[in-house]
>>> print(open('my_file_15.csv').read())   # CSV, C-alpha atoms
chain,number,residue,atom,x,y,z
O,1,ALA,CA,90.9,184.5,155.8
O,2,GLY,CA,94.3,182.7,155.7
O,3,ARG,CA,95.7,180.1,158.1
O,4,ALA,CA,98.4,181.0,160.6
O,5,MET,CA,100.5,177.9,159.9
O,6,PRO,CA,101.1,175.4,157.1
O,7,VAL,CA,99.9,171.8,157.3
O,8,ARG,CA,101.7,169.8,160.0
O,9,ILE,CA,102.6,166.2,159.1
O,10,ILE,CA,103.4,163.7,161.9
O,11,GLY,CA,104.7,160.2,161.8
O,12,MET,CA,105.4,157.6,164.5
O,13,ILE,CA,108.6,155.9,165.4
O,14,GLY,CA,109.1,152.6,167.1
O,15,VAL,CA,112.0,151.2,169.1
O,16,ALA,CA,112.4,147.8,167.4
O,17,PRO,CA,111.8,146.3,164.0
O,18,SER,CA,108.2,145.1,163.2
O,19,ARG,CA,107.6,141.4,162.8
O,20,ASP,CA,105.8,141.8,159.5
O,21,ASP,CA,104.2,144.3,157.1
O,22,ALA,CA,100.9,144.4,159.0
O,23,ALA,CA,102.0,145.9,162.3
O,24,VAL,CA,99.3,147.8,164.2
O,25,HIS,CA,101.5,149.0,167.2
O,26,VAL,CA,105.1,150.2,166.9
O,27,ILE,CA,106.2,151.4,170.3
O,28,THR,CA,106.3,148.1,172.2
O,29,GLY,CA,109.2,145.7,172.3
O,30,GLY,CA,112.8,146.0,173.3
O,31,ILE,CA,115.1,148.7,172.0
O,32,SER,CA,117.3,148.6,168.9
O,33,ALA,CA,119.3,151.8,168.9
O,34,ALA,CA,120.3,151.2,165.3
O,35,TYR,CA,116.7,150.7,164.1
O,36,LEU,CA,115.5,153.7,166.1
O,37,THR,CA,118.2,155.8,164.4
O,38,GLN,CA,117.2,154.4,160.9
O,39,PHE,CA,113.5,154.9,161.6
O,40,ALA,CA,114.0,158.6,162.7
O,41,GLN,CA,116.3,159.4,159.8
O,42,ALA,CA,113.8,158.0,157.3
O,43,HIS,CA,111.1,160.3,158.7
O,44,ASP,CA,113.5,163.2,158.6
O,45,ALA,CA,114.3,162.6,155.0
O,46,ALA,CA,110.7,162.0,154.0
O,47,GLY,CA,109.7,165.5,155.2
O,48,PHE,CA,107.7,164.8,158.3
O,49,ASP,CA,107.5,167.7,160.8
O,50,LEU,CA,107.2,165.6,164.0
O,51,VAL,CA,107.1,161.9,165.0
O,52,LEU,CA,105.0,160.6,167.8
O,53,VAL,CA,106.9,158.7,170.5
O,54,GLY,CA,104.2,156.6,172.1
O,55,TYR,CA,103.7,155.5,175.7
O,56,THR,CA,102.6,152.2,177.2
O,57,ALA,CA,103.1,150.9,180.7
O,58,GLN,CA,105.8,148.5,179.5
O,59,SER,CA,107.5,150.5,176.7
O,60,ALA,CA,110.8,152.5,176.6
O,61,GLU,CA,110.8,155.9,178.2
O,62,GLY,CA,109.8,158.5,175.6
O,63,PHE,CA,112.1,161.5,176.3
O,64,ALA,CA,115.2,159.3,176.2
O,65,ILE,CA,114.0,157.8,172.9
O,66,ALA,CA,113.4,161.3,171.5
O,67,GLY,CA,116.8,162.6,172.7
O,68,HIS,CA,118.6,159.7,171.0
O,69,ALA,CA,116.6,160.3,167.8
O,70,ALA,CA,117.2,164.0,167.9
O,71,ALA,CA,120.9,163.5,168.1
O,72,HIS,CA,120.8,161.5,164.8
O,73,THR,CA,118.5,163.8,162.8
O,74,GLU,CA,118.7,167.3,161.4
O,75,ARG,CA,115.3,169.0,161.7
O,76,LEU,CA,112.7,166.4,162.8
O,77,GLY,CA,110.6,167.2,165.8
O,78,PHE,CA,109.3,164.8,168.5
O,79,LEU,CA,105.7,164.6,169.9
O,80,VAL,CA,106.4,162.8,173.1
O,81,ALA,CA,103.4,161.1,174.8
O,82,HIS,CA,103.2,161.8,178.5
O,83,ARG,CA,100.9,160.6,181.2
O,84,PRO,CA,100.5,163.1,184.1
O,85,GLY,CA,100.7,161.8,187.6
O,86,PHE,CA,104.1,160.0,187.8
O,87,VAL,CA,106.3,163.0,187.8
O,88,ALA,CA,105.8,166.3,189.7
O,89,PRO,CA,104.4,168.9,187.3
O,90,THR,CA,107.1,171.5,188.3
O,91,LEU,CA,109.9,168.9,187.4
O,92,MET,CA,108.1,168.0,184.2
O,93,ALA,CA,107.9,171.7,183.2
O,94,ARG,CA,111.7,172.0,183.7
O,95,LYS,CA,112.3,168.7,181.8
O,96,ILE,CA,110.3,169.8,178.8
O,97,ALA,CA,111.9,173.3,178.8
O,98,THR,CA,115.3,171.7,179.0
O,99,PHE,CA,114.7,169.4,176.0
O,100,ASP,CA,113.1,172.3,174.2
O,101,HIS,CA,116.3,174.4,174.7
O,102,LEU,CA,118.8,171.7,173.9
O,103,TRP,CA,117.1,170.9,170.6
O,104,GLN,CA,115.8,174.4,169.9
O,105,GLY,CA,112.1,173.8,169.5
O,106,ARG,CA,112.0,170.2,168.3
O,107,LEU,CA,109.5,169.1,170.9
O,108,ALA,CA,105.8,168.8,171.4
O,109,VAL,CA,104.0,166.9,174.1
O,110,HIS,CA,100.9,164.7,173.8
O,111,ILE,CA,99.0,164.5,177.1
O,112,ILE,CA,97.2,161.3,177.8
O,113,ALA,CA,95.4,160.2,180.9
O,114,GLY,CA,95.9,156.5,180.4
O,115,VAL,CA,94.4,153.8,178.2
O,116,SER,CA,92.7,151.8,180.9
O,117,ASP,CA,92.5,151.4,184.6
O,118,THR,CA,94.2,148.0,184.3
O,119,GLU,CA,97.2,149.4,182.4
O,120,GLN,CA,97.5,152.4,184.7
O,121,MET,CA,97.9,150.0,187.6
O,122,MET,CA,101.0,148.5,185.9
O,123,ASP,CA,102.6,151.8,186.8
O,124,GLY,CA,101.0,151.8,190.2
O,125,ASP,CA,98.3,154.4,189.5
O,126,PRO,CA,94.9,153.5,191.1
O,127,LEU,CA,92.9,156.6,190.1
O,128,PRO,CA,89.9,155.9,187.8
O,129,LYS,CA,89.9,157.7,184.5
O,130,PRO,CA,87.6,160.7,185.4
O,131,GLU,CA,89.9,161.5,188.3
O,132,ARG,CA,92.9,161.1,186.1
O,133,TYR,CA,91.6,163.8,183.9
O,134,ARG,CA,90.9,166.1,186.9
O,135,ARG,CA,94.5,165.5,188.0
O,136,ALA,CA,95.8,166.1,184.5
O,137,ALA,CA,94.0,169.5,184.4
O,138,GLU,CA,95.8,170.5,187.7
O,139,TYR,CA,99.1,169.2,186.4
O,140,LEU,CA,98.8,171.2,183.2
O,141,ASP,CA,97.8,174.3,185.2
O,142,VAL,CA,101.0,174.0,187.3
O,143,MET,CA,103.2,173.3,184.3
O,144,ARG,CA,102.0,176.3,182.4
O,145,ARG,CA,102.4,178.5,185.5
O,146,THR,CA,105.9,177.2,185.9
O,147,TRP,CA,106.8,178.1,182.4
O,148,ALA,CA,105.2,181.6,182.6
O,149,ALA,CA,106.2,182.6,186.2
O,150,THR,CA,108.8,185.3,186.7
O,151,GLU,CA,108.2,185.2,190.5
O,152,PRO,CA,107.7,182.2,192.8
O,153,PHE,CA,104.1,181.0,193.0
O,154,ASP,CA,102.0,178.9,195.2
O,155,PHE,CA,99.3,176.4,194.1
O,156,ASP,CA,96.6,174.6,196.1
O,157,GLY,CA,94.6,171.9,194.4
O,158,ASP,CA,93.0,168.5,195.1
O,159,PHE,CA,96.1,166.6,193.7
O,160,TYR,CA,99.0,169.1,193.9
O,161,THR,CA,100.2,171.6,196.5
O,162,VAL,CA,103.2,173.8,195.5
O,163,ARG,CA,104.9,176.5,197.5
O,164,GLY,CA,107.3,179.0,196.0
O,165,ALA,CA,107.7,177.3,192.6
O,166,ILE,CA,110.0,178.9,190.1
O,167,SER,CA,112.1,177.6,187.2
O,168,ASP,CA,115.5,178.9,186.0
O,169,VAL,CA,114.9,177.4,182.6
O,170,ARG,CA,112.0,178.7,180.4
O,171,PRO,CA,110.9,177.1,177.1
O,172,TRP,CA,112.8,177.9,174.0
O,173,THR,CA,109.5,177.8,172.1
O,174,ARG,CA,107.2,180.6,173.3
O,175,PRO,CA,105.1,180.5,175.2
O,176,HIS,CA,105.8,176.8,175.4
O,177,PRO,CA,105.9,173.7,173.2
O,178,LEU,CA,102.6,172.6,171.8
O,179,LEU,CA,100.5,170.5,174.0
O,180,PHE,CA,98.4,167.9,172.2
O,181,PHE,CA,95.5,165.9,173.8
O,182,GLY,CA,93.0,163.3,172.7
O,183,GLY,CA,90.0,161.5,174.0
O,184,SER,CA,86.2,161.8,173.6
O,185,SER,CA,84.9,161.7,177.1
O,186,ALA,CA,83.5,164.8,178.7
O,187,GLU,CA,86.4,164.9,181.1
O,188,ALA,CA,89.0,164.8,178.3
O,189,LEU,CA,87.3,167.5,176.3
O,190,ASP,CA,87.0,169.8,179.3
O,191,MET,CA,90.6,169.4,180.2
O,192,GLY,CA,91.9,169.9,176.7
O,193,ALA,CA,89.8,172.9,175.9
O,194,ALA,CA,91.1,174.7,179.0
O,195,TYR,CA,94.8,173.8,178.9
O,196,CYS,CA,96.0,172.2,175.6
O,197,ASP,CA,96.7,173.5,172.1
O,198,VAL,CA,96.0,170.7,169.6
O,199,TYR,CA,93.1,168.3,169.7
O,200,ALA,CA,94.2,164.9,168.2
O,201,MET,CA,91.5,162.7,166.9
O,202,PHE,CA,91.4,159.3,165.1
O,203,GLY,CA,90.2,159.4,161.5
O,204,GLU,CA,86.4,159.5,161.2
O,205,PRO,CA,84.0,160.4,158.4
O,206,ARG,CA,84.2,164.1,157.3
O,207,ALA,CA,80.8,165.0,158.7
O,208,ALA,CA,81.6,163.7,162.1
O,209,VAL,CA,85.0,165.5,162.1
O,210,ALA,CA,83.3,168.8,161.1
O,211,ASP,CA,81.0,168.5,164.1
O,212,ARG,CA,83.8,167.7,166.5
O,213,VAL,CA,85.9,170.7,165.2
O,214,ALA,CA,82.9,173.0,165.8
O,215,ASP,CA,82.2,171.6,169.2
O,216,MET,CA,85.8,171.8,170.4
O,217,GLN,CA,86.1,175.4,169.2
O,218,ARG,CA,83.0,176.3,171.2
O,219,ARG,CA,84.4,174.6,174.3
O,220,ALA,CA,87.8,176.4,173.9
O,221,ALA,CA,86.0,179.7,173.4
O,222,MET,CA,84.5,179.4,176.8
O,223,HIS,CA,88.0,179.7,178.1
O,224,GLY,CA,89.0,182.5,175.8
O,225,ARG,CA,91.0,180.1,173.6
O,226,SER,CA,91.1,178.4,170.2
O,227,LEU,CA,92.4,175.1,169.2
O,228,GLN,CA,94.3,173.4,166.4
O,229,PHE,CA,93.2,170.0,165.1
O,230,ASN,CA,95.1,166.8,164.2
O,231,LEU,CA,93.7,163.6,162.6
O,232,SER,CA,95.4,160.2,162.6
O,233,PHE,CA,95.1,157.8,159.6
O,234,ARG,CA,96.8,154.7,158.2
O,235,PRO,CA,97.3,155.4,154.5
O,236,ILE,CA,97.4,152.3,152.3
O,237,LEU,CA,98.8,153.3,148.9
O,238,GLY,CA,99.1,151.6,145.5
O,239,ALA,CA,100.3,152.6,142.1
O,240,THR,CA,96.7,152.2,141.1
O,241,GLU,CA,93.5,152.2,143.1
O,242,GLY,CA,93.0,148.5,142.5
O,243,GLU,CA,96.5,147.7,143.7
O,244,ALA,CA,95.9,149.8,146.9
O,245,TRP,CA,92.6,147.9,147.7
O,246,ASP,CA,94.4,144.5,147.1
O,247,ARG,CA,97.1,145.6,149.5
O,248,ALA,CA,94.4,146.7,152.1
O,249,ARG,CA,92.6,143.4,152.0
O,250,ALA,CA,95.9,141.5,152.4
O,251,ILE,CA,96.8,143.6,155.4
O,252,LEU,CA,93.3,143.0,156.9
O,253,THR,CA,93.8,139.2,156.5
O,254,LYS,CA,97.0,139.4,158.5
O,255,VAL,CA,95.6,141.7,161.2
O,256,GLU,CA,92.5,139.4,161.7
O,257,ALA,CA,94.9,136.4,162.0
O,258,ALA,CA,97.0,138.2,164.6
O,259,VAL,CA,93.9,139.1,166.7
O,260,ARG,CA,92.9,135.4,166.6
O,261,ASP,CA,96.3,134.0,167.4
O,262,GLU,CA,97.7,136.6,169.8
O,263,LYS,CA,94.4,137.4,171.5
O,264,PRO,CA,95.5,140.9,172.5
O,265,THR,CA,93.7,142.7,175.4
O,266,LEU,CA,90.9,144.7,173.6
O,267,TYR,CA,89.4,147.6,175.5
O,268,THR,CA,86.9,150.1,174.3
O,269,ASP,CA,86.9,153.7,175.4
O,270,GLU,CA,84.7,156.5,174.1
O,271,SER,CA,86.9,157.1,171.1
O,272,GLY,CA,86.9,153.4,170.3
O,273,ARG,CA,83.1,153.3,170.5
O,274,ARG,CA,82.9,156.1,167.9
O,275,LEU,CA,85.2,154.1,165.5
O,276,LEU,CA,83.1,150.9,166.0
O,277,ALA,CA,79.9,152.8,165.3
O,278,ALA,CA,81.4,154.2,162.1
O,279,ALA,CA,82.6,150.7,161.1
O,280,ALA,CA,79.1,149.3,161.8
O,281,ALA,CA,77.5,152.0,159.7
O,282,ALA,CA,79.6,151.3,156.6
O,283,GLU,CA,82.8,149.6,155.5
O,284,ILE,CA,83.8,152.7,153.4
O,285,HIS,CA,83.0,156.3,154.2
O,286,ASP,CA,83.8,159.3,152.0
O,287,GLU,CA,85.1,157.4,149.0
O,288,ARG,CA,88.1,155.8,150.7
O,289,LEU,CA,87.9,155.9,154.6
O,290,TRP,CA,88.1,152.2,155.3
O,291,MET,CA,87.0,150.8,158.6
O,292,PRO,CA,87.4,147.0,158.8
O,293,ILE,CA,90.8,147.1,160.6
O,294,ALA,CA,89.4,149.5,163.2
O,295,ALA,CA,86.6,146.9,163.7
O,296,ALA,CA,89.1,144.0,163.9
O,297,TYR,CA,91.0,145.8,166.6
O,298,HIS,CA,87.8,146.8,168.5
O,299,GLY,CA,88.2,150.5,167.9
O,300,GLN,CA,91.7,150.6,169.4
O,301,GLY,CA,94.2,153.2,168.4
O,302,ASN,CA,95.0,154.6,165.1
O,303,THR,CA,93.4,152.0,162.9
O,304,THR,CA,91.2,153.9,160.3
O,305,CYS,CA,92.7,153.7,156.8
O,306,LEU,CA,92.7,155.8,153.7
O,307,VAL,CA,93.1,153.6,150.6
O,308,GLY,CA,94.1,154.6,147.1
O,309,THR,CA,96.8,156.2,145.1
O,310,ALA,CA,99.0,158.9,146.6
O,311,GLU,CA,97.0,161.5,144.7
O,312,GLN,CA,93.6,160.1,145.9
O,313,VAL,CA,94.7,159.9,149.5
O,314,ALA,CA,96.2,163.4,149.4
O,315,ASP,CA,92.8,164.7,148.0
O,316,SER,CA,91.0,163.0,150.9
O,317,LEU,CA,93.3,164.5,153.5
O,318,LEU,CA,92.9,167.9,151.9
O,319,ALA,CA,89.1,167.6,152.3
O,320,TYR,CA,89.7,167.4,156.0
O,321,TYR,CA,92.1,170.3,155.8
O,322,ARG,CA,89.3,172.4,154.3
O,323,LEU,CA,87.3,171.6,157.5
O,324,GLY,CA,90.0,173.2,159.7
O,325,VAL,CA,92.2,170.2,160.4
O,326,THR,CA,95.8,171.5,160.0
O,327,GLY,CA,97.7,168.4,161.1
O,328,PHE,CA,97.8,164.7,160.1
O,329,LEU,CA,99.5,161.8,161.8
O,330,LEU,CA,100.2,159.3,159.0
O,331,ARG,CA,101.7,155.9,159.6
O,332,GLY,CA,101.6,152.7,157.7
O,333,PHE,CA,101.4,149.0,158.5
O,334,ASP,CA,105.0,148.4,157.2
O,335,PRO,CA,106.2,151.3,159.3
O,336,LEU,CA,109.7,152.0,158.0
O,337,ALA,CA,109.0,151.3,154.3
O,338,ASP,CA,105.7,153.2,154.4
O,339,ALA,CA,107.4,156.3,155.9
O,340,VAL,CA,109.8,156.3,153.0
O,341,GLU,CA,107.0,155.8,150.5
O,342,PHE,CA,104.9,158.6,152.0
O,343,GLY,CA,107.8,160.9,151.5
O,344,ARG,CA,108.0,160.2,147.7
O,345,GLU,CA,104.5,161.4,146.6
O,346,LEU,CA,101.9,161.7,149.4
O,347,ILE,CA,103.6,164.3,151.6
O,348,PRO,CA,104.6,166.6,148.7
O,349,ARG,CA,101.1,166.4,147.3
O,350,LEU,CA,99.6,167.2,150.7
O,351,ARG,CA,101.9,170.1,151.2
O,352,ALA,CA,101.3,171.5,147.7
O,353,GLY,CA,97.5,171.1,148.0
O,354,ALA,CA,97.4,172.8,151.4
O,355,THR,CA,99.5,175.7,150.1
O,356,ALA,CA,97.1,176.1,147.2
O,357,ILE,CA,94.1,176.1,149.5
O,358,ASP,CA,95.7,178.7,151.8
O,359,ALA,CA,96.6,180.9,148.8
O,360,ALA,CA,93.0,180.8,147.5
O,361,SER,CA,91.7,181.6,150.9
O,362,GLN,CA,94.0,184.5,151.4
O,363,GLY,CA,93.1,185.8,147.9
O,364,ALA,CA,89.4,185.6,148.7
O,365,GLY,CA,90.1,187.5,151.9
O,366,ARG,CA,91.9,190.3,150.1
O,367,MET,CA,88.9,190.7,147.7
O,368,LEU,CA,86.3,191.0,150.4
O,369,PRO,CA,86.8,194.7,151.3
O,370,GLY,CA,86.3,195.8,147.7
O,371,MET,CA,83.1,193.8,147.1
>>> encode(input="my_file_15.csv", output="structure tokens")
Amino acid sequence: AGRAMPVRIIGMIGVAPSRDDAAVHVITGGISAAYLTQFAQAHDAAGFDLVLVGYTAQSAEGFAIAGHAAAHTERLGFLVAHRPGFVAPTLMARKIATFDHLWQGRLAVHIIAGVSDTEQMMDGDPLPKPERYRRAAEYLDVMRRTWAATEPFDFDGDFYTVRGAISDVRPWTRPHPLLFFGGSSAEALDMGAAYCDVYAMFGEPRAAVADRVADMQRRAAMHGRSLQFNLSFRPILGATEGEAWDRARAILTKVEAAVRDEKPTLYTDESGRRLLAAAAAAEIHDERLWMPIAAAYHGQGNTTCLVGTAEQVADSLLAYYRLGVTGFLLRGFDPLADAVEFGRELIPRLRAGATAIDAASQGAGRMLPGM
């Protein structure tokens, strides 16, 4: 009846200071080593388990960023975004295992097939998205075999052909570091159910999340597997609920102005369409899931918000925890200051609440045989 692991709390680090306190994206821009160090240390001190190191076709290379941050932190782990197709899967298996050994388990990998065909071509990849997911499935198959193999193996696929592959370095984390994946297309779901460990979703209304958890567990069961689940939110906190809503509306005003002035490239994938549909259905779902910033950014990225006091937002997150979501990616619009703020009250409340839920669940399980 109990869970096998405590709640996992993930942040996201950027490589350069944000321009204001309404930043939507944090990975782009040049590198400030001092800021990266400060940002990572703030997450370490605030009690985050992992931080996402994002990927774009113009941003800094993620494993180098994670290595620098790891050298300046004590226990923080790094969820490095990786796009299959640019590095041989056998080499990437050794690269991941090497990092995992050097930093003794402080690594997870987020598999993404690419945001859009246009952005993929910035890195010289002409494959359309469905084919990228087929390639990613082969890539993950070869990586996992490389980690597990005790004898040289061959592989014949549509995208990769390997002869006599073997690795001297095996993961420090057994059987291997956690593999996250996202996406809502059929190709994404099939790939992740077969080869990954954690399904990462953008924040949606609770009923929709419950349906997705059930659907993905059914898909994973077809491969004799089960999955963990992670949700991404942008908490907007205030000392009072009214203060939090005032802050949320001020952030929205700045985000809408940035969209008008900067005219960013706005694409819509299947996950984005889900967010836009939820935003069209209601401005607020489930008491405090707030959708206007997701609508302003056309469903892009992690843009759904939970608005309220630390206690109220923690209660909302715990409602998802009861649905089987055991991980949360939490980042603010004032990235560094918000990471520090989350560590004061939100993260401790979330951990304490999850522990209480687990204890109650385990107690109920122990009572069942005697009933």
>>> atom_distance(input="my_file_15.csv", atom1="CA of Ala207 in chain O", atom2="CA of Ala137 in chain O")
29.2 Å
>>> closest_residue(input="my_file_15.csv", among="O:Ala97, O:Leu140, O:Val325, O:Ala360", to="Asp211 in chain O", atoms="all atoms listed in the file")
O:Val325
>>> closest_residue(input="my_file_15.csv", among="O:Trp245, O:Tyr160, O:Phe153, O:Phe328", to="Ser316 in chain O", atoms="only C-alpha atoms")
O:Phe328
>>> atom_distance(input="my_file_15.csv", atom1="CA of Asp334 in chain O", atom2="CA of Ala23 in chain O")
6.4 Å
>>> atom_distance(input="my_file_15.csv", atom1="CA of Leu91 in chain O", atom2="CA of Val169 in chain O")
11.0 Å
